[in-house]
Every structure is written in C-alpha cells, then in structure tokens.
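Reading through the structure tokens given below for one structure.
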Amino acid sequence: MIRYNLEERFLHGGDYNPDQWLNYPEILAKDLELMEKAHANTFSLGIFAWSALEPAEGVFQFEWLDKIMDQLAKRNSNVILATPSGARPAWLSKAYPEVLRTNEKREKMLHGGRHNHCFSSPIYREKVAIINRKLAERYHDHPALLMWHISNEYSGDCHCPICQENFRQWVKQKYQTLAALNEAWWGPFWSHTITDWSQIESPSPIGEMQVHGLNLDWHRFVTDQTIDFYEHEIKDIRRLSPDVPITTNFMADTRDLIPFYSLDYGKFAQHVDVISWDCYPAWHNDWGTTADLASKVGFINDQYRSLKKQPFLIMESTPSGVNWHPVNRTKRPGMHLLSSMQFIAHGSDSNLYFQWRKSRGSSEKFHGAVVDHDNDEQNRVFQDVAEVGKALEEIKEIKGLHKKAKVAIIYDWDNNWALNDAQGFGLESKRYPQTLQEHYRYFWDHDIAVDVITKDHDFDAYQLIIAPMLYLLPKETMKKFQQYTKNGGTLVSTYLTGIVNETDLTYLGGWPQELEELFGVSVKEIDTLYLKQKNLLLMKEQQYQIHDYCSIVQTNTAQTLGVYGADFYQGQAAVTVNDYGEGSAYYLGGRTDQAFLEDFYQEVTQQLRLQNEWVRQGSTNVSIQSRESQQEQLAPTTYYFVMNFSEENQEVEVATSGIDLLTGKTTNQLLQLAPYEVQIIKVTA
C-alpha cells in the first residue's frame, strides 16, 4: 500500500466511464479539461467495461484504457482500476448460458441487468480470471494505479445445481454428521429430518422456507460464497501487484440507510485492504428532518470505519440527485459541501461520485453526475463539486487521521437474519437496525464519538457497550459480555435478547444462566403490543411511553430503576441495573420513546464522564465530530467538524477557539452557523 499511503490528498472524483464515449473524442477531451476545474484527482475506471475491453471472446482491446490512464497519470491523477465482473458481455451469456443465475424458483435467468451470474460457475470463474489477469499484467505498475476496485456492489444469490452442491458441501463441512445437522435444524419438525446430504436444498418459495436453521445457514453460505468468488477475482491481482490495496464497494439498505442485509460485511471486511462504500441519502425528504437523516448517515459511516478500525473511502455518492429513489430531489444550495464534509468527519479519506459524466442513454441517464448533459462548468452542481474539491485541498492535513471512541454499539448480521425470520413477536415492529440507530441518536445529538462494531471485535477499548435486541446470542458472546463487565465495563441490553443460539434454536430452561447472572434478572415473558397500543414507564418521577415490546422480568440481584405503568405487570421492573464485578449491566425491558433514551443515556454518560468536553452548549441540529492527530513529535491536534444539519441559523458554544481551515480565520468560542454551514476548526493543545 506504498503509493496509497503516500497520497497526501483526499481522493475526489468518481466513477468515470470513457468506454461509453469512445465515439465522442471531443467529450473525452472536454473531460480532462473539466477534471482540473472540478479539483478532481481520482477516477474509478472499467467498472462495467467488459464489452469494451473484450468485445469478442479472446479479443482484447486495451488501447483506449491505456490512453485514458496515461492522460490521468500525466495530470497527476489517481486511478482506482476495477475488474468488470459486475456485468458480463452478451457474447459470454450467449456462448455459455450456464453462467447465468438460477433464481429461488429454480428458473434460469436471461442475459441482462447486473450481477446476473453464478458465483459457482466454473466457466464464469475462468473468464473472470482471464480478464482480471490481463488487467493486472498490463497495469500493475502503471504510475496512475492507486488501488483495485473488485467488481461492483456484490449482491444476490444463485440456486443452480452447482450452487446446490456447493451448499451441501458447505453444510457437511460445518456439521460433519447428519445427526448434528438435524439437531441444529430441528429436523423432526414437520418430519423434515435429513437422512442423506443430497436431500438438502436452498430455501425456495416452491419448496422449503420454514426451517429457520436452513435459512440462516443459507445466508451464511451466500456470504462465504461471495467472499470465495472475490478471493478468486483477486488471486492474480494480489500476486502481480502486492503493494496495491484492494477494495470492493459495500452498500446500505432502504431509505433508513441500515446495513446491507444480504451479506455479512463484518466477515467480508477481513478480506479487503480498505473499506469503501456507496452512500446515497435522500436529503430534503418529506418524512424526517435533515438532522434525522444525518444521524443515520453518521451511524453507518461509523460502522464502516469501525469494521477495520481505520479510515474508509466513500466510493460513490451523488453531487445532486439520484434516479432510483421514489422521488429524486436534487441537493439544495450548501448541502453538497455539508454532506461531503460529514463523510470526512466520520473517517472517510475520500469523496467520490457516481458518476463523473451522465450517461446519454439507458437507466442511469438521469442519475446525478458532476458533468451534466449540458457539458457546462458553470451550472450549479458542477460549481458545488468544485467547491468541495477546493475544500478538500484546504483540509488535506486531516487525511489519514483516526477517530477515537469510548462508546460502542454492536450490530450483528446473523442476529438480523434470524430475528427477521422469527415467526413471532411483531412481524412489522422488529426493526433491529433502526432500533440501534435510535440508541445511537443520543450520542450523535451530544457529539460523543461511537464505534459500531461486531460481537467479534475487542471490547476492552470501550467504557460503554450498547447491545440491543441480540435475539441470536451464542454462549461464547455471553461469556465475553460477562468478562467485559466484570473488568469494569458498562453494558446496556434490551428486550428480545438471548432467545436463540447460533443455529437459531431456543435456549431451554428459561433465560440463559449467563445472562441472569450478568443482568441480575430472569426474563419470564415478552409481551408484544399492537402498533397503536402503548404502555408506560415510570422512572424518577418521570413518565415515558413504551411501545411494541415489554419484557416481564423477575429481579434477582438487580436494582429496579423504573417500572411499568399499566397492564397486568403494572409496577413490575421495566429498567434495571446490576453490579457485576467492577462494572454494571443495564437491562431495558421495554421499547421506549426517544425521550427516555435521552434521559437514560444522559445519566449513564455523566456517570462515566463520556461527555464531549470541547462542547459547552451544543444543539441537536448541529453535529460536532472530530479526527485527531497524535504524532509524538507534535502537539496533539484535534480537528472539529461543526455541521449545521438544519434550515435555520444555529449557535453552539465551545471550550476553546481555533482556526477554521475553510476560511483561515480564528474562531470564537461562540460559533454561529448559517443553514447547512460547516466549519472545520483546528485546535492544538
């Protein structure tokens, strides 16, 4: 990663598709001119260029890519060179139809779309290996090459006979015996005992979808199979360019920007050198405030930073609107700079776009881009991009710096899959990722740094760990929580925790002993409320609303902090705390409104002295994030990003003045921010 680490600039630019414009030399010439004016320095090439690189089987045309890469190198730009496996050419599908996917109904798909290929297909793997090796042989030492971009937004699954056999082998390797398999999948249910490995089939709406252990293992297999294909893609690339880092772009799901559902990125993160991801918030929507959405962007940025505990990259974003939201609004004036700096504030070392130039035809011709169909550098969007590029140059000393957090929230993909599959509780009210976002919101509102980690991360670095709704909770993790708390940590968990093990079998004998000891309570029942029903939480002479879930608990060694205010369990414990070793474990029995989380975490953070000492008087509309320099030979320096995510003027008070890197001016301790304004303040101790 030598050249990557030596690059002092923030990466600014994005997906560039010159292969779409090879018949328009005047457009390609104009692009080079506009790149300079946009302060753009990094471009992702070749993501969907297979048909341009190999127009017929075994016929390779690299001259156009040579020319573009040489031109970019001449202007001191970087290239993130992609492998083209995300969309194969038509000749490949026609000649080898077995490369196409089979859906869950066992229907063979036609050529088209993206990622419509079988990760198990030997011929597809062979053809991918050939084109990837050609790229690596030709460009591994090119002066513009900064990193490799493998495929694009891996996703989806295949149910063909080859994938079925691979799944059977995966299951056999995991369980070793049919007896162990049938125990894990609870085979006697509905007479679903497996008596031969050949009887195993992937979940299907025309077959089996009610065996939860099977469903869970299929999700795990799809992740492992995707990673295996990724490792196949990078084999020659790693061999020929060992010093060039490799990434593949991760994603988010739904308008809430929750972690991508279909792949376990916690596991995938171990196989990439640098985390990169594609972020497309629906700014200026009609269902929430700007601050609401900004908090969700903050959560998932913190997750992708935390997966490898290092700066990440924004591989795709948009300078304006997209073309796939239900309503595609463009960014209001000021929002592009603000939203771009939010990425940097949470640990990104880039702001890259999809796309550099709008396509002329097909499905992405109206997706936002730096260069619009008018080809005009004076339009508002292009000028917004140039402003961001100039700002990134002005703050380049921040690149590579880390964030420090003493608070962690645990997100677990296995848990999300199993909980969503559970045929109980509230089918519409589980909302595991969104619940984590609600707990995160207190810390975002109060400018306290958070890592979003997996259960496999080291817990020792954190004073406070928040682990809501861990429905699937292995005994190994329970013991890890016990040790963390015993050593002085503070743990918070909630309703719907500790119900099933790692194969989605319920724990027998009541709530697991490890959790009873840790939290000092026994969970006896879980009451599920209809969406319009409410209960009350009474705590410290305050009254809060409870909705969706109420755990009915028996207190053993725990202290009751709050009680239910209604129903047959009125007066029984709803919030408890238990001293365990040198630490404390809180149990929140009901799903509360945000007002309770605000008061609860305020008390916890005060006890643990977790407040942001630089912020004397903050605002829930103004997010303050920081990145820190701790070089031994220099005085400690902190860079504070003060960001107004509202449409109104805001005022915050901070402990010390500093230098605003965007203006070069000394700041006051009372900071005034216009709507969507961002200040980046350097404070040296």
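Within each chain, counting starts at residue 1; across the structure tokens, chains are named A, B, ... in the order shown, with ligands numbered 1 upward in that order.
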
Need the shell around Ser151 of chain A: protein/DNA/RNA residues with any atom at most 6 Å away, counting only C-alpha atoms. Skip same-chain ones fewer than 5 positions apart. Format as a tab-separated table (two decimals) with N, CA and C atoms, in the first residue's frame?
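Final output, part08.tsv:
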chain	number	residue	atom	x	y	z
A	83	THR	N	-12.23	-4.42	-11.76
A	83	THR	CA	-12.46	-5.62	-12.55
A	83	THR	C	-13.92	-5.57	-13.02
A	84	PRO	N	-14.21	-6.09	-14.23
A	84	PRO	CA	-15.53	-5.84	-14.84
A	84	PRO	C	-16.57	-6.92	-14.60
A	85	SER	N	-16.40	-7.72	-13.55
A	85	SER	CA	-17.26	-8.90	-13.40
A	85	SER	C	-18.70	-8.57	-13.01
A	86	GLY	N	-18.98	-7.31	-12.64
A	86	GLY	CA	-20.32	-6.96	-12.21
A	86	GLY	C	-21.37	-7.04	-13.30

DSSP strand (DSSP E) residues within segment 477-581 of chain A, listed as a PyMOL selection string: chain A and resi 490-494+521-528+535-539+542-555+559-564+573-580

With 10 Å as the cut-off and only C-alpha atoms counted, what is the closest atom pair between each nearby residue of segment 461-500 of chain A and segment 399-422 of chain A? Distances in Å to one decimal, ordered by chain and number, as a Markdown table.
| residue | atom | partner | partner_atom | distance |
| --- | --- | --- | --- | --- |
| A:Ala461 | CA | A:Lys406 | CA | 6.6 |
| A:Tyr462 | CA | A:Lys406 | CA | 4.4 |
| A:Gln463 | CA | A:Lys406 | CA | 5.5 |
| A:Leu464 | CA | A:Val407 | CA | 4.9 |
| A:Ile465 | CA | A:Ala408 | CA | 4.8 |
| A:Ile466 | CA | A:Ile409 | CA | 4.7 |
| A:Ala467 | CA | A:Ile410 | CA | 5.2 |
| A:Pro468 | CA | A:Ile410 | CA | 7.8 |
| A:Met469 | CA | A:Asn415 | CA | 8.4 |
| A:Leu470 | CA | A:Asn415 | CA | 6.2 |
| A:Tyr471 | CA | A:Asn415 | CA | 6.2 |
| A:Leu472 | CA | A:Asn415 | CA | 4.9 |
| A:Leu473 | CA | A:Asn415 | CA | 7.6 |
| A:Thr490 | CA | A:Val407 | CA | 9.7 |
| A:Leu491 | CA | A:Ala408 | CA | 9.8 |
| A:Val492 | CA | A:Ile409 | CA | 9.5 |
| A:Leu496 | CA | A:Leu419 | CA | 9.0 |
| A:Thr497 | CA | A:Asn415 | CA | 9.9 |
| A:Ile499 | CA | A:Leu419 | CA | 9.9 |
| A:Val500 | CA | A:Ala418 | CA | 8.8 |

Polymer residues at most 10 Å from segment 617-620 of chain A, only C-alpha atoms, same-chain spacing of 2 or more positions, as JSON, numbers by chain: {"A": [291, 292, 295, 441, 442, 444, 445, 446, 447, 612, 614, 615, 622, 623, 624, 644, 645, 646, 650, 651, 652, 653, 654, 655, 670]}

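Once Trp21 of chain A and its same-chain neighbours fewer than 3 positions away are set aside, Tyr16, Asn17, Pro18, Tyr24, Pro25, Glu26, Ile27, Leu28, Ala29, Lys30, Asp31, Ala49, Ala52, Trp64, Ile68, Arg357, Lys358, Ser359, Arg360 and Gly361 of chain A remain within 12 Å of it when counting only C-alpha atoms.
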
Name the residues of segment 275-457 of chain A that fall into helix (DSSP H, G or I) according to DSSP on the backbone, using the chain letters and numbers of this document, as an MDAnalysis selection string. chainID A and resid 290:308 335:345 380:394 396:398 413:421 432:445

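Nearest residue to Asn249 of chain A among A:Thr684, A:Ser340, A:Ser155, A:Gln61 is A:Ser155, counting only C-alpha atoms.
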
Would you kindly return, as an NGL selection string, each protein, DNA or RNA residue with an atom no farther than 12 Å from any atom of Pro122 of chain A, considering only C-alpha atoms and excluding same-chain residues fewer than 6 positions away? :A and (96 or 98-100 or 128-129 or 162-163 or 229 or 232)

Residues of segment 343-430 of chain A that approach segment 331-337 of chain A to 9 Å or less, counting only C-alpha atoms: could you list each one with the shortest pair of atoms and its distance in Å to one decimal, rows by chain and increasing residue number, as a tab-separated table?
residue	atom	partner	partner_atom	distance
A:Arg380	CA	A:Pro333	CA	8.4
A:Val381	CA	A:Lys331	CA	8.7
A:Asp384	CA	A:His336	CA	6.5
A:Val385	CA	A:His336	CA	7.6
A:Glu387	CA	A:Leu337	CA	7.3
A:Val388	CA	A:Leu337	CA	5.6
A:Ala391	CA	A:Leu337	CA	8.4

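Among the candidate residues A:Ile552, A:Val523, A:Leu72, A:Cys118, the one lying nearest to Val222 of chain A is A:Cys118, with distances computed using only C-alpha atoms.
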
Compile the contact shell of segment 262-268 of chain A as an MDAnalysis selection string: residues with an atom at most 12 Å away, counting only C-alpha atoms, same-chain residues fewer than 2 positions apart removed. chainID A and resid 153:157 216 218:231 247:253 258:260 270:277 300 303:309 410:417 452:457

Spatial neighbours of Ala184 of chain A, max dist 8 Å, only C-alpha atoms, sep filter under 5 positions, as a PyMOL selection string: chain A and resi 213+503-505

Could those residues be written to a file, using C-alpha atoms, as a PDB file, in the first residue's frame?
ATOM      1  CA  GLY A 213     -31.701 -23.046  10.724  1.00  0.00           C
ATOM      2  CA  THR A 503     -28.224 -22.272  14.982  1.00  0.00           C
ATOM      3  CA  ASP A 504     -31.490 -20.484  15.836  1.00  0.00           C
ATOM      4  CA  LEU A 505     -32.557 -22.999  18.495  1.00  0.00           C
TER       5      LEU A 505
END
